[in-house]
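This report refers to the structure that appears directly beneath it.
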Amino acid sequence: MPSLRQRAEALSADRPLPSQEALTLEEAQRMLHDLRVHKIELEMQNEELRQTQAKLDTARARYHDLYEQAPMGYCSVSMKGLILEANPAAATLLGMAREHLVNVPLTHFIYREDQDSFFLLRKQSVTPGAARACELRMVKPEGTPFWVKLALLDGFDEQGAPVLRIVLSDISERRQARAALQSSEQFLRAIADNVPGMLGYWSRDLHCLFANKEYFGWFGRTAEQMQGVRLPDLQGPELFKKNEPYVRAVLGGEDQQFERLLAKPNGEIAHTWVQYIAHRVDGQVQGFFSLVTDVTAFKQGQEQLRVSDAALKAVSQGVVITGPDQCILSINDAFAAITGYGEAEMLGQTCRILRGPLTDPRTVDSIRLTLHSEAEFFGEILNYRKDGSLFWNELAISPVRNAQGRLTHYIGVTRDITERKHAQAVLQAALQEKVALLNEVHHRVKNNLQVVTSLLRLEAGRSSQPDTRAVLGDMQGRIRSMALLHEALYRSGVFASVELGAYLRQLATQAFRTLAPQNGAVTLQLDLATVSVGMDQATPCGLLVNELIANCLKHGFPENRGGAVRLELKPVQPDADADADADADADAERGAAQWRLCVSDTGVGLPPDMLTRQGQSLGLQLVADLAKQLGGRLEIGPGAAFSVTFPIESPELPAIAAIPAMVT
């Protein structure tokens, strides 16, 4: 390229000088002066250009230093999104050498999910020369993610082509700090919202700066409605007037605690415990925290405890409360009166202090094992009072557990039953004496009946008259049935009732064994339900069965005829007999059950003149009279069957468990 001098000489050759012959001396001097002035101007312009160039070089060096040494990443991106140049900070941020960044798409480093944010930022229309920015995630080639604030400015390169000037600021730490702050705020909010009460903060001018959700629910407000609300407006004039002295005191630096009745939005009145806690900064009160706890349940518990304590003192039974280690924590006045020990003497002791030489060790072991298994105990134990006197103690011990099922206390209830035990001993002695007397009476009656039976048997053996012998035999059977009943009562020791089915089974078996033919052609069938009756019903039932079985065996099986005699005792269903008379209805109204006793046989049957002979037969008359004595009705038929339906009222005492055999 030609030098500046060469280009100037070329231009001078193209411009010929004016002819010297035409110049006067004056014109030559003027031209020389002009040339000297132009030379000086050129020298001055050159100096200005040199100074400007020096400033430009200084500014370029300064820009280069700022660009190269800047802590933020700078890069130029073409309109196609390719990186044209980047400073060292951008290369470090993107994790790639500067020379390798050229012509790499910037979106190569932007998270796929955040690329839409970058494209939308590019399309935003802004004032020329104004920057626009967004926060998005980028990733380094090895996969390390980071957050950046991307600022974008439209510009031009040296050739005037449009480019994007981009500034990248690493905000990962700031984002992490923001997330940590949000997490901390959420954590603190969760703590505040789960505090069992209303928690809030009030400024010195009594504006709400914070409130938990319990505040919202109690006063029926949203979070937005609570923010900034004044305490007088929230509480209302009447309530704030009551609380104002406490508010002034806490703003003066003195923490406050007091009780207050508050109305809920549903109209319920609650007992609350209010705490105002001053908030100080550099010794100056900036506001105060308020914590309001609903203590209604606690107040109700206190009232219940007061009532329970009064009831505990009022009960006549002694009550003792111990810990799980069985050490006494409390006793009531009745316990002190029973044992003779005062409460101060019993506290810290165990109930072993009440034991003595005559205390049954088996009962003590039973109590110990029960308490070891944390179960309930109920029983009687012989204890000693403080003065050494004995008393019988009816003791009930119950374990008390908390909500988790863990044993926390034992409650013992004691009752002095010494007088009752003495009365029981006296009663038992009288009862034993009475039992002995009854045993002797039944024993003698049974023996006398056996003597009568033996006399009748001897008389029958002496008589040669068949009719006389038959009558004496019938009398033996009747007396035997009564003797069997007394024998059963004597052997069992129970005199109020007898199990009728077992008694009739034994009676029928013995009567059949005595009267039935020896060839075995006739059998006995028994179908007897279980029911307890008193002696006043057992005796006629026995006589009736004895009479009817004897009648069956005498008249039902002539000439060695075979067959069966059947004895049944069953309850009558309520609707089984629609023709029941008024007496049976009255018995049903009293709660007496209806039973049917039936004796039948499969022999020759009843004679045609049965009804005529009934008035002439002593046995049949006796059966009819016994049915009336039972309060029942006698039915004959169908066939050779006699049944009596009568009411049975259960006796008060238990019946005989079994009927012992009678020696004949």
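Quick note on naming: the chains in the structure tokens go A, B, ... in the order shown, residues restart at 1 in each chain, and ligands are numbered from 1 in order of appearance.
Within 10 Å of Gly605 of chain A, once only C-alpha atoms are used and residues closer than 6 positions along the same chain are dropped, the contacting residues are Cys552, His555, Gly556, Phe557, Gly637, Pro638, Gly639, Ala640 and Ala641 of chain A.
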Practice problem: Could you tell me, as a ChimeraX atom specification, which residues of segment 252-463 of chain A DSSP assigns to alpha helix (DSSP H) when given the backbone? | Solution: /A:296-314,333-339,343-346,361-372,418-462
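Excluding Val195 of chain A and any residue on its chain fewer than 6 positions from it, the residues at most 12 Å away by only C-alpha atoms are Leu188, Arg189, Ala211, Asn212, Lys213, Glu214, Tyr215, Leu291, Val292, Thr293 and Asp294 of chain A.
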Self-check item: Exercise: segment 128-142 of chain A partners within 8 Å, only C-alpha atoms, chain neighbours under 5 positions left out, as a PyMOL selection string
Solution: chain A and resi 93-96+109-111+114+117-118+121+147-155
Exercise. Name the residues in contact with Leu597 of chain A at a cut-off of 6 Å, using only C-alpha atoms, excluding same-chain residues fewer than 5 positions from it; report them as a list of chain:residue names.
Key: A:Glu568, A:Leu569, A:Ser643, A:Val644
Using all heavy atoms, can you write the selected residues to a file as an mmCIF file, in the first residue's frame?
data_model
loop_
_atom_site.group_PDB
_atom_site.id
_atom_site.type_symbol
_atom_site.label_atom_id
_atom_site.label_comp_id
_atom_site.auth_asym_id
_atom_site.auth_seq_id
_atom_site.Cartn_x
_atom_site.Cartn_y
_atom_site.Cartn_z
ATOM 1 N N GLU A 568 -93.695 -89.709 80.739
ATOM 2 C CA GLU A 568 -93.196 -88.489 80.109
ATOM 3 C C GLU A 568 -93.390 -87.302 81.050
ATOM 4 O O GLU A 568 -94.413 -87.222 81.742
ATOM 5 C CB GLU A 568 -93.929 -88.200 78.786
ATOM 6 C CG GLU A 568 -93.676 -89.226 77.702
ATOM 7 C CD GLU A 568 -94.465 -88.888 76.443
ATOM 8 O OE1 GLU A 568 -95.693 -89.116 76.457
ATOM 9 O OE2 GLU A 568 -93.857 -88.376 75.483
ATOM 10 N N LEU A 569 -92.405 -86.394 81.022
ATOM 11 C CA LEU A 569 -92.503 -85.114 81.733
ATOM 12 C C LEU A 569 -91.916 -84.039 80.828
ATOM 13 O O LEU A 569 -90.704 -84.019 80.581
ATOM 14 C CB LEU A 569 -91.740 -85.155 83.062
ATOM 15 C CG LEU A 569 -91.716 -83.829 83.839
ATOM 16 C CD1 LEU A 569 -93.118 -83.440 84.281
ATOM 17 C CD2 LEU A 569 -90.781 -83.927 85.050
ATOM 18 N N SER A 643 -102.822 -88.100 81.716
ATOM 19 C CA SER A 643 -101.907 -86.948 81.734
ATOM 20 C C SER A 643 -102.466 -85.874 82.644
ATOM 21 O O SER A 643 -103.686 -85.664 82.703
ATOM 22 C CB SER A 643 -101.681 -86.383 80.323
ATOM 23 O OG SER A 643 -102.894 -85.935 79.768
ATOM 24 N N VAL A 644 -101.538 -85.219 83.334
ATOM 25 C CA VAL A 644 -101.894 -84.118 84.234
ATOM 26 C C VAL A 644 -101.073 -82.898 83.801
ATOM 27 O O VAL A 644 -99.832 -82.953 83.736
ATOM 28 C CB VAL A 644 -101.583 -84.457 85.702
ATOM 29 C CG1 VAL A 644 -101.912 -83.261 86.591
ATOM 30 C CG2 VAL A 644 -102.363 -85.673 86.141
#
I need the residues of segment 12-145 of chain A that end up classed as strand (DSSP E) by DSSP on the backbone, written out as a tab-separated table (two decimals) with all heavy atoms, in the first residue's frame.
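Written output follows (result_36.tsv):
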chain	number	residue	atom	x	y	z
A	73	GLY	N	-20.18	-12.59	33.07
A	73	GLY	CA	-19.91	-13.08	31.72
A	73	GLY	C	-20.53	-12.18	30.68
A	73	GLY	O	-21.71	-11.82	30.77
A	74	TYR	N	-19.69	-11.79	29.68
A	74	TYR	CA	-20.18	-10.99	28.56
A	74	TYR	C	-19.98	-11.82	27.30
A	74	TYR	O	-18.92	-12.45	27.11
A	74	TYR	CB	-19.41	-9.68	28.42
A	74	TYR	CG	-19.65	-8.71	29.54
A	74	TYR	CD1	-18.75	-8.59	30.59
A	74	TYR	CD2	-20.78	-7.90	29.54
A	74	TYR	CE1	-18.96	-7.70	31.62
A	74	TYR	CE2	-21.00	-7.00	30.58
A	74	TYR	CZ	-20.09	-6.91	31.61
A	74	TYR	OH	-20.30	-6.03	32.63
A	75	CYS	N	-20.97	-11.81	26.45
A	75	CYS	CA	-20.81	-12.48	25.16
A	75	CYS	C	-21.70	-11.81	24.13
A	75	CYS	O	-22.72	-11.19	24.46
A	75	CYS	CB	-21.12	-13.97	25.26
A	75	CYS	SG	-22.80	-14.36	25.79
A	76	SER	N	-21.24	-11.91	22.89
A	76	SER	CA	-22.01	-11.40	21.75
A	76	SER	C	-22.56	-12.58	21.00
A	76	SER	O	-21.83	-13.56	20.74
A	76	SER	CB	-21.14	-10.54	20.83
A	76	SER	OG	-20.63	-9.42	21.53
A	77	VAL	N	-23.83	-12.50	20.65
A	77	VAL	CA	-24.51	-13.61	19.99
A	77	VAL	C	-25.15	-13.09	18.72
A	77	VAL	O	-25.76	-12.01	18.71
A	77	VAL	CB	-25.58	-14.22	20.92
A	77	VAL	CG1	-26.32	-15.36	20.23
A	77	VAL	CG2	-24.95	-14.72	22.21
A	78	SER	N	-24.97	-13.85	17.65
A	78	SER	CA	-25.57	-13.47	16.37
A	78	SER	C	-27.07	-13.63	16.44
A	78	SER	O	-27.61	-14.25	17.37
A	78	SER	CB	-24.99	-14.33	15.25
A	78	SER	OG	-25.43	-15.66	15.38
A	83	ILE	N	-22.73	-17.97	19.41
A	83	ILE	CA	-21.82	-17.14	20.19
A	83	ILE	C	-20.71	-16.63	19.28
A	83	ILE	O	-20.02	-17.42	18.62
A	83	ILE	CB	-21.25	-17.93	21.37
A	83	ILE	CG1	-22.38	-18.37	22.33
A	83	ILE	CG2	-20.22	-17.10	22.14
A	83	ILE	CD1	-21.91	-19.25	23.46
A	84	LEU	N	-20.52	-15.30	19.21
A	84	LEU	CA	-19.48	-14.69	18.37
A	84	LEU	C	-18.21	-14.47	19.18
A	84	LEU	O	-17.09	-14.67	18.67
A	84	LEU	CB	-19.98	-13.37	17.79
A	84	LEU	CG	-21.26	-13.48	16.92
A	84	LEU	CD1	-21.71	-12.11	16.46
A	84	LEU	CD2	-21.00	-14.39	15.72
A	85	GLU	N	-18.36	-14.02	20.40
A	85	GLU	CA	-17.22	-13.82	21.28
A	85	GLU	C	-17.70	-13.85	22.72
A	85	GLU	O	-18.89	-13.66	22.99
A	85	GLU	CB	-16.52	-12.50	20.99
A	85	GLU	CG	-17.39	-11.27	21.22
A	85	GLU	CD	-16.61	-9.97	21.02
A	85	GLU	OE1	-15.38	-10.04	21.01
A	85	GLU	OE2	-17.25	-8.92	20.91
A	86	ALA	N	-16.77	-14.12	23.63
A	86	ALA	CA	-17.11	-14.20	25.05
A	86	ALA	C	-15.89	-13.82	25.87
A	86	ALA	O	-14.75	-14.08	25.47
A	86	ALA	CB	-17.58	-15.60	25.42
A	132	ARG	N	-33.29	-5.96	28.73
A	132	ARG	CA	-34.34	-6.79	29.31
A	132	ARG	C	-33.67	-8.02	29.90
A	132	ARG	O	-32.60	-8.44	29.42
A	132	ARG	CB	-35.39	-7.16	28.27
A	132	ARG	CG	-34.82	-7.71	26.96
A	132	ARG	CD	-35.89	-7.59	25.86
A	132	ARG	NE	-35.47	-8.19	24.60
A	132	ARG	CZ	-34.74	-7.58	23.68
A	132	ARG	NH1	-34.32	-6.34	23.89
A	132	ARG	NH2	-34.43	-8.19	22.55
A	133	ALA	N	-34.27	-8.60	30.94
A	133	ALA	CA	-33.60	-9.67	31.67
A	133	ALA	C	-34.60	-10.71	32.17
A	133	ALA	O	-35.80	-10.45	32.27
A	133	ALA	CB	-32.82	-9.10	32.86
A	134	CYS	N	-34.08	-11.88	32.47
A	134	CYS	CA	-34.86	-12.97	33.07
A	134	CYS	C	-33.90	-13.89	33.83
A	134	CYS	O	-32.68	-13.81	33.66
A	134	CYS	CB	-35.64	-13.75	32.01
A	134	CYS	SG	-34.61	-14.76	30.94
A	135	GLU	N	-34.48	-14.74	34.68
A	135	GLU	CA	-33.69	-15.72	35.39
A	135	GLU	C	-34.02	-17.10	34.84
A	135	GLU	O	-35.19	-17.44	34.66
A	135	GLU	CB	-34.00	-15.69	36.90
A	135	GLU	CG	-33.57	-14.40	37.56
A	135	GLU	CD	-33.84	-14.40	39.07
A	135	GLU	OE1	-34.38	-15.42	39.56
A	135	GLU	OE2	-33.51	-13.42	39.75
A	136	LEU	N	-32.96	-17.87	34.55
A	136	LEU	CA	-33.17	-19.20	34.00
A	136	LEU	C	-32.02	-20.12	34.40
A	136	LEU	O	-31.01	-19.68	34.95
A	136	LEU	CB	-33.34	-19.15	32.48
A	136	LEU	CG	-32.33	-18.35	31.64
A	136	LEU	CD1	-31.03	-19.08	31.48
A	136	LEU	CD2	-32.92	-18.03	30.27
A	137	ARG	N	-32.20	-21.38	34.12
A	137	ARG	CA	-31.20	-22.38	34.47
A	137	ARG	C	-30.34	-22.71	33.25
A	137	ARG	O	-30.87	-22.84	32.13
A	137	ARG	CB	-31.87	-23.65	34.99
A	137	ARG	CG	-32.53	-23.52	36.34
A	137	ARG	CD	-33.37	-24.73	36.67
A	137	ARG	NE	-34.52	-24.82	35.76
A	137	ARG	CZ	-35.41	-25.81	35.78
A	137	ARG	NH1	-35.27	-26.79	36.65
A	137	ARG	NH2	-36.42	-25.83	34.93
A	138	MET	N	-29.03	-22.85	33.50
A	138	MET	CA	-28.09	-23.26	32.47
A	138	MET	C	-27.33	-24.47	32.98
A	138	MET	O	-27.38	-24.80	34.18
A	138	MET	CB	-27.14	-22.12	32.11
A	138	MET	CG	-27.85	-20.85	31.63
A	138	MET	SD	-26.74	-19.58	30.99
A	138	MET	CE	-26.40	-20.26	29.36
A	139	VAL	N	-26.64	-25.14	32.08
A	139	VAL	CA	-25.92	-26.34	32.44
A	139	VAL	C	-24.58	-26.37	31.72
A	139	VAL	O	-24.47	-25.98	30.55
A	139	VAL	CB	-26.75	-27.60	32.10
A	139	VAL	CG1	-27.03	-27.69	30.61
A	139	VAL	CG2	-26.06	-28.85	32.59
A	145	PRO	N	-25.58	-28.06	36.80
A	145	PRO	CA	-26.57	-27.01	36.58
A	145	PRO	C	-26.24	-25.77	37.42
A	145	PRO	O	-25.59	-25.85	38.46
A	145	PRO	CB	-27.87	-27.66	37.05
A	145	PRO	CG	-27.44	-28.61	38.11
A	145	PRO	CD	-26.07	-29.10	37.72
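Note that atom CA of Gly217 of chain A and atom CA of Pro265 of chain A are 8.2 Å apart.
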Exercise. Can you work out the spacing between atom CA of Phe646 of chain A and atom CA of Ala593 of chain A in Å, to one decimal?
Key: 8.4 Å
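Once Gly348 of chain A and its same-chain neighbours fewer than 3 positions away are set aside, Cys327, Ile328 and Leu329 of chain A remain within 7 Å of it when counting only C-alpha atoms.
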Write the residues you've just listed into a file as a PDB file, in the first residue's frame, and include N, CA and C atoms for each of them.
ATOM      1  N   CYS A 327     -46.459 -47.295  96.144  1.00  0.00           N
ATOM      2  CA  CYS A 327     -46.318 -46.346  97.255  1.00  0.00           C
ATOM      3  C   CYS A 327     -47.541 -45.429  97.285  1.00  0.00           C
ATOM      4  N   ILE A 328     -48.069 -45.192  98.484  1.00  0.00           N
ATOM      5  CA  ILE A 328     -49.326 -44.455  98.626  1.00  0.00           C
ATOM      6  C   ILE A 328     -49.109 -42.977  98.331  1.00  0.00           C
ATOM      7  N   LEU A 329     -49.987 -42.443  97.451  1.00  0.00           N
ATOM      8  CA  LEU A 329     -49.945 -41.025  97.092  1.00  0.00           C
ATOM      9  C   LEU A 329     -51.068 -40.241  97.760  1.00  0.00           C
TER      10      LEU A 329
END
Self-check item: All residues 8 Å or closer to Ala508 of chain A, only C-alpha atoms, same chain fewer than 2 positions away omitted, as an MDAnalysis selection string
Solution: chainID A and resid 504:506 510:512 545:546 549
Writer output for current selection, N, CA and C atoms, as a JSON list (two decimals), in the first residue's frame:
[["chain", "number", "residue", "atom", "x", "y", "z"],
["A", 504, "LEU", "N", -88.53, -88.77, 89.65],
["A", 504, "LEU", "CA", -89.51, -89.64, 89.02],
["A", 504, "LEU", "C", -88.84, -90.80, 88.30],
["A", 505, "ARG", "N", -87.64, -90.58, 87.74],
["A", 505, "ARG", "CA", -86.92, -91.67, 87.08],
["A", 505, "ARG", "C", -86.59, -92.78, 88.10],
["A", 506, "GLN", "N", -86.07, -92.36, 89.26],
["A", 506, "GLN", "CA", -85.72, -93.34, 90.29],
["A", 506, "GLN", "C", -86.98, -94.04, 90.82],
["A", 510, "GLN", "N", -87.85, -98.11, 90.34],
["A", 510, "GLN", "CA", -88.04, -99.02, 91.48],
["A", 510, "GLN", "C", -89.44, -99.62, 91.48],
["A", 511, "ALA", "N", -90.47, -98.80, 91.17],
["A", 511, "ALA", "CA", -91.84, -99.34, 91.13],
["A", 511, "ALA", "C", -91.98, -100.38, 90.03],
["A", 512, "PHE", "N", -91.39, -100.14, 88.87],
["A", 512, "PHE", "CA", -91.46, -101.09, 87.76],
["A", 512, "PHE", "C", -90.72, -102.38, 88.12],
["A", 545, "VAL", "N", -97.44, -90.85, 90.01],
["A", 545, "VAL", "CA", -96.72, -91.74, 89.10],
["A", 545, "VAL", "C", -96.75, -93.17, 89.64],
["A", 546, "ASN", "N", -96.54, -93.32, 90.92],
["A", 546, "ASN", "CA", -96.58, -94.66, 91.51],
["A", 546, "ASN", "C", -97.94, -95.31, 91.27],
["A", 549, "ILE", "N", -98.41, -96.13, 87.35],
["A", 549, "ILE", "CA", -97.59, -97.25, 86.87],
["A", 549, "ILE", "C", -98.12, -98.57, 87.43]]
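Comparing the minimum interatomic distances between Val295 of chain A and each of A:Asp282, A:Glu259, A:Glu376, A:Asp527, counting only C-alpha atoms, we find that A:Glu259 sits nearest.
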